[in-house]
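One file, protein16.cif, carrying mmCIF, C-alpha atoms and all ligand atoms:
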data_input
#
loop_
_atom_site.label_atom_id
_atom_site.label_comp_id
_atom_site.auth_asym_id
_atom_site.auth_seq_id
_atom_site.Cartn_x
_atom_site.Cartn_y
_atom_site.Cartn_z
CA MET A 273 -28.57 15.90 93.65
CA ASN A 274 -31.93 14.17 93.93
CA CYS A 275 -31.45 11.03 95.97
CA ALA A 276 -33.37 7.87 96.80
CA LEU A 277 -32.63 5.65 99.79
CA VAL A 278 -33.47 1.97 99.40
CA THR A 279 -33.00 -0.27 102.43
CA GLY A 280 -31.92 -3.83 101.69
CA GLY A 281 -30.54 -3.04 98.23
CA SER A 282 -27.96 -5.83 98.09
CA ARG A 283 -30.29 -8.59 96.89
CA GLY A 284 -33.75 -9.53 95.67
CA ILE A 285 -36.51 -6.95 95.49
CA GLY A 286 -34.38 -4.11 96.92
CA LYS A 287 -31.70 -4.60 94.27
CA ALA A 288 -34.28 -4.40 91.47
CA ILE A 289 -35.74 -1.24 93.06
CA CYS A 290 -32.29 0.41 93.26
CA ILE A 291 -31.64 -0.29 89.58
CA ARG A 292 -35.06 1.00 88.55
CA LEU A 293 -34.84 4.23 90.60
CA ALA A 294 -31.34 4.90 89.23
CA SER A 295 -32.77 4.60 85.70
CA MET A 296 -35.22 7.38 86.67
CA GLY A 297 -32.23 9.63 87.36
CA TYR A 298 -31.98 9.26 91.12
CA HIS A 299 -28.65 8.99 92.91
CA VAL A 300 -29.39 5.82 94.86
CA LEU A 301 -28.22 5.16 98.41
CA ILE A 302 -27.92 1.40 98.56
CA ASN A 303 -28.38 0.18 102.11
CA TYR A 304 -27.59 -3.36 103.26
CA LYS A 305 -26.65 -5.15 106.45
CA SER A 306 -23.65 -7.40 105.74
CA ASN A 307 -23.61 -8.46 102.09
CA ALA A 308 -21.11 -5.91 100.76
CA SER A 309 -20.40 -7.85 97.56
CA GLY A 310 -24.11 -7.99 96.71
CA ALA A 311 -24.43 -4.24 97.27
CA GLU A 312 -21.30 -3.61 95.16
CA ASP A 313 -22.91 -5.63 92.40
CA THR A 314 -26.06 -3.48 92.57
CA LEU A 315 -23.89 -0.35 92.27
CA LYS A 316 -21.90 -1.84 89.38
CA THR A 317 -25.11 -2.60 87.50
CA ILE A 318 -26.34 0.97 88.07
CA ARG A 319 -23.06 2.48 86.85
CA LYS A 320 -23.01 0.25 83.76
CA SER A 321 -26.17 2.09 82.64
CA ASN A 322 -24.62 5.47 83.48
CA GLY A 323 -26.61 5.76 86.69
CA SER A 324 -25.20 6.92 90.00
CA GLY A 325 -25.30 5.65 93.54
CA GLU A 326 -23.33 4.86 96.67
CA LEU A 327 -23.33 2.27 99.44
CA LEU A 328 -24.77 3.14 102.84
CA PRO A 329 -24.59 0.08 105.09
CA PHE A 330 -26.38 0.04 108.42
CA ASP A 331 -28.48 -2.43 110.36
CA VAL A 332 -32.09 -1.26 110.05
CA SER A 333 -33.02 -3.13 113.23
CA LYS A 334 -30.66 -0.95 115.30
CA ARG A 335 -31.94 2.48 116.21
CA GLN A 336 -28.52 3.82 117.19
CA GLU A 337 -26.88 2.66 113.97
CA ILE A 338 -29.65 4.27 111.89
CA GLY A 339 -29.23 7.56 113.74
CA ASP A 340 -25.43 7.52 113.47
CA THR A 341 -25.12 6.50 109.81
CA LEU A 342 -28.14 8.04 108.15
CA GLY A 343 -28.10 11.09 110.42
CA LEU A 344 -24.46 11.72 109.48
CA TRP A 345 -25.12 11.27 105.75
CA ILE A 346 -27.92 13.85 105.89
CA GLU A 347 -25.74 16.21 107.91
CA ASP A 348 -22.93 15.87 105.33
CA HIS A 349 -25.23 16.32 102.30
CA LYS A 350 -27.15 19.50 103.03
CA GLU A 351 -27.14 20.38 99.32
CA ASP A 352 -28.70 17.08 98.32
CA SER A 353 -32.34 16.22 98.51
CA LEU A 354 -33.54 12.81 99.71
CA GLU A 355 -36.75 12.70 97.67
CA VAL A 356 -37.54 9.00 97.74
CA LEU A 357 -37.41 6.54 100.61
CA VAL A 358 -38.11 2.85 100.06
CA ASN A 359 -38.36 0.86 103.29
CA ASN A 360 -37.64 -2.54 101.79
CA ALA A 361 -35.21 -4.40 104.08
CA GLY A 362 -36.94 -7.26 105.81
CA ILE A 363 -36.59 -10.74 107.23
CA LYS A 364 -38.90 -13.59 108.05
CA ASP A 365 -38.46 -16.24 110.71
CA ASP A 366 -41.42 -18.60 110.38
CA VAL A 367 -42.61 -20.87 113.17
CA LEU A 368 -45.98 -21.66 114.70
CA MET A 369 -46.70 -19.17 117.47
CA MET A 370 -46.84 -21.97 120.03
CA TRP A 371 -43.11 -22.53 119.46
CA MET A 372 -42.04 -18.96 118.72
CA LYS A 373 -39.18 -17.67 120.86
CA ASP A 374 -39.01 -14.11 122.21
CA GLU A 375 -36.08 -13.34 119.90
CA GLN A 376 -38.00 -14.49 116.83
CA TRP A 377 -40.85 -12.13 117.62
CA GLU A 378 -38.56 -9.24 118.54
CA ASN A 379 -36.11 -9.55 115.62
CA VAL A 380 -38.83 -9.71 113.01
CA LEU A 381 -40.73 -6.76 114.52
CA ARG A 382 -37.55 -4.71 114.88
CA THR A 383 -36.31 -5.36 111.34
CA ASN A 384 -39.62 -5.02 109.50
CA LEU A 385 -41.54 -2.46 111.55
CA ASP A 386 -39.39 -0.49 114.02
CA SER A 387 -37.00 0.24 111.14
CA PHE A 388 -39.81 2.05 109.32
CA PHE A 389 -40.29 4.38 112.28
CA TYR A 390 -36.66 5.21 113.00
CA ILE A 391 -35.59 5.62 109.36
CA THR A 392 -38.65 7.48 108.14
CA ARG A 393 -38.63 9.92 111.05
CA ILE A 394 -35.11 11.01 110.14
CA VAL A 395 -35.80 11.31 106.40
CA LEU A 396 -39.17 13.00 106.85
CA ASN A 397 -37.70 16.20 108.23
CA GLY A 398 -36.01 17.13 104.93
CA MET A 399 -39.10 16.15 102.92
CA LEU A 400 -41.30 18.37 105.08
CA LEU A 401 -38.96 21.32 104.55
CA LYS A 402 -38.83 20.75 100.77
CA LYS A 403 -42.58 20.07 100.63
CA TYR A 404 -41.95 17.03 98.45
CA GLY A 405 -41.38 13.34 99.09
CA ARG A 406 -42.22 9.80 98.09
CA ILE A 407 -42.21 7.13 100.79
CA ILE A 408 -42.86 3.54 99.74
CA ASN A 409 -43.04 0.72 102.26
CA VAL A 410 -42.59 -2.88 101.19
CA ALA A 411 -45.26 -4.79 103.12
CA SER A 412 -46.56 -8.25 102.21
CA LEU A 413 -49.59 -10.36 101.40
CA SER A 414 -49.02 -11.80 104.87
CA GLY A 415 -49.76 -8.39 106.42
CA GLN A 416 -53.09 -8.25 104.56
CA LYS A 417 -54.53 -11.71 105.12
CA GLY A 418 -52.19 -13.38 107.61
CA LEU A 419 -50.39 -16.67 107.00
CA PRO A 420 -49.87 -19.57 109.40
CA GLY A 421 -46.37 -19.63 110.85
CA GLN A 422 -46.02 -15.89 110.37
CA THR A 423 -47.68 -14.23 113.37
CA ASN A 424 -44.50 -12.19 113.86
CA TYR A 425 -44.05 -11.28 110.18
CA ALA A 426 -47.78 -10.66 109.59
CA ALA A 427 -47.95 -8.42 112.66
CA ALA A 428 -44.97 -6.41 111.44
CA LYS A 429 -46.26 -6.05 107.88
CA GLY A 430 -49.85 -5.38 109.02
CA GLY A 431 -48.48 -2.70 111.34
CA LEU A 432 -46.49 -1.25 108.46
CA ILE A 433 -49.65 -0.99 106.36
CA ALA A 434 -51.53 0.78 109.17
CA ALA A 435 -48.60 3.15 109.76
CA THR A 436 -48.49 3.89 106.01
CA LYS A 437 -52.13 4.96 106.05
CA SER A 438 -51.69 7.11 109.17
CA LEU A 439 -48.54 8.88 108.01
CA ALA A 440 -50.11 9.53 104.59
CA GLN A 441 -52.83 11.53 106.33
CA GLU A 442 -50.30 13.45 108.43
CA VAL A 443 -48.09 14.64 105.58
CA GLY A 444 -50.41 14.81 102.56
CA ARG A 445 -50.69 18.57 102.59
CA ARG A 446 -46.87 18.87 102.45
CA GLY A 447 -46.59 17.19 99.05
CA ILE A 448 -45.42 13.90 100.52
CA THR A 449 -47.07 10.63 99.52
CA VAL A 450 -46.81 7.46 101.61
CA ASN A 451 -47.80 4.16 100.05
CA ALA A 452 -47.18 0.46 100.48
CA VAL A 453 -46.73 -2.42 98.09
CA ALA A 454 -47.79 -5.89 99.16
CA PRO A 455 -45.95 -8.60 97.21
CA GLY A 456 -47.17 -12.20 97.25
CA PHE A 457 -44.59 -14.86 96.40
CA ILE A 458 -41.60 -13.32 94.61
CA SER A 459 -38.50 -15.26 93.45
CA THR A 460 -35.75 -14.17 95.86
CA ASP A 461 -33.60 -15.72 98.58
CA MET A 462 -36.53 -15.20 100.97
CA THR A 463 -38.71 -17.70 99.10
CA GLY A 464 -35.77 -19.93 98.10
CA SER A 465 -36.54 -22.58 100.70
CA LEU A 466 -40.22 -22.95 99.72
CA SER A 467 -41.47 -25.52 97.22
CA GLU A 468 -42.13 -23.75 93.91
CA LYS A 469 -44.62 -26.42 92.87
CA GLU A 470 -46.71 -25.97 96.04
CA MET A 471 -46.60 -22.18 95.77
CA LYS A 472 -47.63 -22.18 92.10
CA ALA A 473 -50.71 -24.21 92.96
CA LEU A 474 -51.88 -21.32 95.17
CA ILE A 475 -51.27 -18.55 92.61
CA PRO A 476 -53.86 -17.82 89.89
CA ALA A 477 -51.08 -16.50 87.62
CA ASN A 478 -49.43 -19.92 88.06
CA ARG A 479 -45.95 -18.51 88.66
CA LEU A 480 -43.92 -16.59 91.17
CA GLY A 481 -43.46 -12.87 90.66
CA THR A 482 -40.12 -11.29 89.81
CA PRO A 483 -38.29 -8.57 91.77
CA GLU A 484 -38.53 -6.39 88.65
CA GLU A 485 -42.33 -6.60 88.74
CA VAL A 486 -42.31 -5.22 92.29
CA ALA A 487 -39.75 -2.55 91.32
CA HIS A 488 -42.05 -1.46 88.49
CA VAL A 489 -44.84 -0.61 90.96
CA VAL A 490 -42.43 1.08 93.36
CA ALA A 491 -41.12 3.23 90.48
CA PHE A 492 -44.68 4.16 89.56
CA LEU A 493 -45.40 5.27 93.15
CA ALA A 494 -42.07 7.11 93.29
CA SER A 495 -42.79 9.13 90.16
CA HIS A 496 -43.81 12.79 90.28
CA GLU A 497 -46.99 11.91 88.38
CA SER A 498 -48.26 9.69 91.23
CA GLY A 499 -48.74 12.67 93.54
CA TYR A 500 -52.47 12.08 94.00
CA ILE A 501 -52.03 8.47 95.19
CA THR A 502 -51.37 8.23 98.91
CA GLY A 503 -52.21 5.88 101.78
CA GLU A 504 -52.65 3.06 99.26
CA VAL A 505 -51.56 -0.56 99.39
CA ILE A 506 -50.91 -2.07 95.97
CA SER A 507 -50.94 -5.87 95.81
CA ILE A 508 -48.47 -7.62 93.51
CA ASN A 509 -49.47 -11.21 94.01
CA GLY A 510 -50.57 -12.81 90.74
CA GLY A 511 -54.20 -12.72 91.86
CA MET A 512 -53.83 -14.51 95.21
CA TYR A 513 -55.70 -11.90 97.23
CA SER A 514 -57.28 -8.50 96.75
P1 LIG A 601 -34.04 -11.00 100.51
O1 LIG A 601 -33.75 -11.48 99.12
O2 LIG A 601 -33.90 -11.93 101.65
O3 LIG A 601 -33.17 -9.68 100.75
C1 LIG A 601 -33.29 -9.00 101.97
C2 LIG A 601 -32.58 -7.68 101.89
O4 LIG A 601 -32.77 -6.99 103.12
C3 LIG A 601 -31.07 -7.84 101.73
O5 LIG A 601 -30.58 -6.76 100.96
C4 LIG A 601 -30.56 -7.73 103.17
O6 LIG A 601 -29.22 -7.26 103.30
C5 LIG A 601 -31.53 -6.70 103.72
N1 LIG A 601 -31.63 -6.76 105.17
C6 LIG A 601 -32.14 -7.75 105.94
N2 LIG A 601 -32.04 -7.42 107.24
C7 LIG A 601 -31.45 -6.21 107.29
C8 LIG A 601 -31.05 -5.34 108.34
N3 LIG A 601 -31.25 -5.67 109.62
N4 LIG A 601 -30.46 -4.16 108.02
C9 LIG A 601 -30.24 -3.81 106.73
N5 LIG A 601 -30.59 -4.59 105.69
C10 LIG A 601 -31.19 -5.77 105.97
O7 LIG A 601 -35.54 -10.45 100.62
P2 LIG A 601 -36.59 -10.01 99.49
O8 LIG A 601 -37.39 -11.20 99.14
O9 LIG A 601 -35.92 -9.22 98.44
O10 LIG A 601 -37.52 -9.07 100.38
C11 LIG A 601 -37.48 -7.67 100.34
C12 LIG A 601 -38.71 -7.15 101.07
O11 LIG A 601 -39.87 -7.65 100.43
C13 LIG A 601 -38.80 -7.58 102.53
O12 LIG A 601 -39.32 -6.55 103.31
C14 LIG A 601 -39.78 -8.73 102.48
O13 LIG A 601 -40.44 -8.90 103.71
C15 LIG A 601 -40.71 -8.26 101.39
N6 LIG A 601 -41.47 -9.32 100.74
C16 LIG A 601 -40.86 -10.31 100.06
C17 LIG A 601 -41.63 -11.30 99.46
C18 LIG A 601 -41.03 -12.41 98.67
O14 LIG A 601 -41.78 -13.31 98.24
N7 LIG A 601 -39.76 -12.45 98.41
C19 LIG A 601 -43.02 -11.27 99.58
C20 LIG A 601 -43.61 -10.23 100.30
C21 LIG A 601 -42.82 -9.26 100.86
P3 LIG A 601 -27.96 -8.31 103.33
O15 LIG A 601 -27.85 -8.81 101.91
O16 LIG A 601 -26.81 -7.48 103.77
O17 LIG A 601 -28.33 -9.40 104.27
#

Can you dump the structure from the file as structure tokens?
Amino acid sequence: MNCALVTGGSRGIGKAICIRLASMGYHVLINYKSNASGAEDTLKTIRKSNGSGELLPFDVSKRQEIGDTLGLWIEDHKEDSLEVLVNNAGIKDDVLMMWMKDEQWENVLRTNLDSFFYITRIVLNGMLLKKYGRIINVASLSGQKGLPGQTNYAAAKGGLIAATKSLAQEVGRRGITVNAVAPGFISTDMTGSLSEKEMKALIPANRLGTPEEVAHVVAFLASHESGYITGEVISINGGMYS
């Protein structure tokens, strides 16, 4: 079976990515942290369209949990091939740096950046052996230009972009591409607390993006035909920044 692992597949952008990759024929491993009903709903939607998938909950901010859960899955599925990895799970915890607590810095870095390292290192081994893989990291506009109140989040996403470019150069000759997408403001729970009117004023397209629009770009990068695109960062921001 050709499989795709999507972290944070229970809601928002990750859910749309799971559905899209399943429609491409992938058996999708839907990761989440605690929202089992959301993840079940993603799986139900996939199955309704005759797609296939399974739930694989673990906390991406915990190295041990990643090793135990994902390591075991790989061990138990030697016949299957994990061809696509989408590092999507993420959190923000905005506050001016002056007032930022240690935990706010550490949690955001662990969830958005350390997770990339620990998850990708495990998955990479199989891709290197098969000489094929598609790794897509969900970064952010914040990691490209910075945003006030997001020194933690911008540092994590900026680091993710730099790591994307470095890893792409390490594994290019093994048929593995590594790319990032950088969404601007997308309608999900993450942007739910922000004023839509104020955000729209900043966006040339005059609207928020949809999770499906991000999933579309991820699917493009995940396709076989995108094999000559690597180390790239594709912005999906309605024209806010390029
Ligand atoms: P969201 O609606 O808040 O959903 C977050 C997803 O990540 C959920 O599935 C959640 O699982 C999962 N998650 C969070 N922490 C986790 C952990 N420690 N372990 C495992 N799963 C975890 O967020 P979103 O807006 O879809 O964002 C998805 C990605 O896009 C994030 O990396 C975010 O930084 C990035 N992004 C979003 C926007 C935007 O405007 N929305 C813009 C730029 C970048 P549970 O449901 O179990 O909590």

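Using only C-alpha atoms and all ligand atoms, the nearest neighbour of ligand LIG 601 (chain A) within the list A:Ser414, A:Ser282, A:Ser321, A:Ser465 is A:Ser282.
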
Counting all atoms listed in the file, find the residues whose atoms lie at most 10 Å from (-45.4, -14.9, 89.6) (file coordinates) and write them out as a ChimeraX atom specification.
/A:455-459,471-472,475-483,485,508-511

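Proximity ranking of A:Glu375, A:Glu337, A:Glu497, A:Glu442 relative to ligand LIG 601 (chain A) places A:Glu337 first, based on only C-alpha atoms and all ligand atoms.
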
Please return as number ranges by chain the residues found within 6 Å of ligand LIG 601 (chain A), counting all atoms listed in the file.
A: 279-286, 304-307, 330-333, 360-363, 383, 410-412, 455-463

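Within 8 Å of Arg382 (chain A), once all atoms listed in the file are used and residues closer than 4 positions along the same chain are dropped, the contacting residues are A:Ser333, A:Lys334, A:Glu378, A:Asp386, A:Ser387.
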
Using all atoms listed in the file, determine which residues lie at most 8 Å from Tyr513 (chain A), disregarding the query and same-chain residues fewer than 4 positions distant; provide the list as a list in words.
Leu413, Lys417, Ser507 and Asn509 of chain A

For Asp340 (chain A), find every residue with an atom within 12 Å (counting all atoms listed in the file), except residues of its own chain fewer than 5 positions away, and show them as a list in words.
Leu328, Pro329, Phe330, Asp331, Val332, Lys334, Arg335, Trp345, Ile346, Glu347, Asp348, Tyr390, Ile391 and Ile394 of chain A

Store the residues picked out above in a file with C-alpha atoms, as a compact mmCIF listing (two decimals), keeping the file's coordinate frame.
# COMPACT_ATOMS: atom_id res chain seq x y z
CA LEU A 328 -24.77 3.14 102.84
CA PRO A 329 -24.59 0.08 105.09
CA PHE A 330 -26.38 0.04 108.42
CA ASP A 331 -28.48 -2.43 110.36
CA VAL A 332 -32.09 -1.26 110.05
CA LYS A 334 -30.66 -0.95 115.30
CA ARG A 335 -31.94 2.48 116.21
CA TRP A 345 -25.12 11.27 105.75
CA ILE A 346 -27.92 13.85 105.89
CA GLU A 347 -25.74 16.21 107.91
CA ASP A 348 -22.93 15.87 105.33
CA TYR A 390 -36.66 5.21 113.00
CA ILE A 391 -35.59 5.62 109.36
CA ILE A 394 -35.11 11.01 110.14

If you measure from CA of Gly405 (chain A) to CA of Asn379 (chain A), what distance in Å do you get, rounded to one decimal?
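For CA of Gly405 (chain A) relative to CA of Asn379 (chain A), the distance reads 28.7 Å.
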
To one decimal in Å, tell me the separation between CA of Tyr425 (chain A) and CA of Asp374 (chain A).
13.3 Å

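For the pair CA of Cys290 (chain A) and CA of Glu351 (chain A), the separation is 21.5 Å.
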
Which residue of A:Leu357, A:Leu419, A:Ile407, A:Ala434 approaches Val450 (chain A) most closely, using only C-alpha atoms
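The closest residue to Val450 (chain A) is A:Ile407.
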
Considering all atoms listed in the file, can you say which of A:Ala294, A:Ile318, A:Val505, A:Val486 comes closest to Thr436 (chain A)?
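Of A:Ala294, A:Ile318, A:Val505, A:Val486, the one nearest Thr436 (chain A) is A:Val505, counting all atoms listed in the file.
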
Select, from A:Met296, A:Ala426, A:Val278, A:Met512, the residue with the minimum atom-to-atom distance to Thr392 (chain A), counting only C-alpha atoms.
A:Val278

Excluding Met372 (chain A) and any residue of its chain fewer than 5 positions from it, enumerate the residues within 10 Å of it, using only C-alpha atoms, and give them as a PyMOL selection string.
chain A and resi 365-367+377+421-424
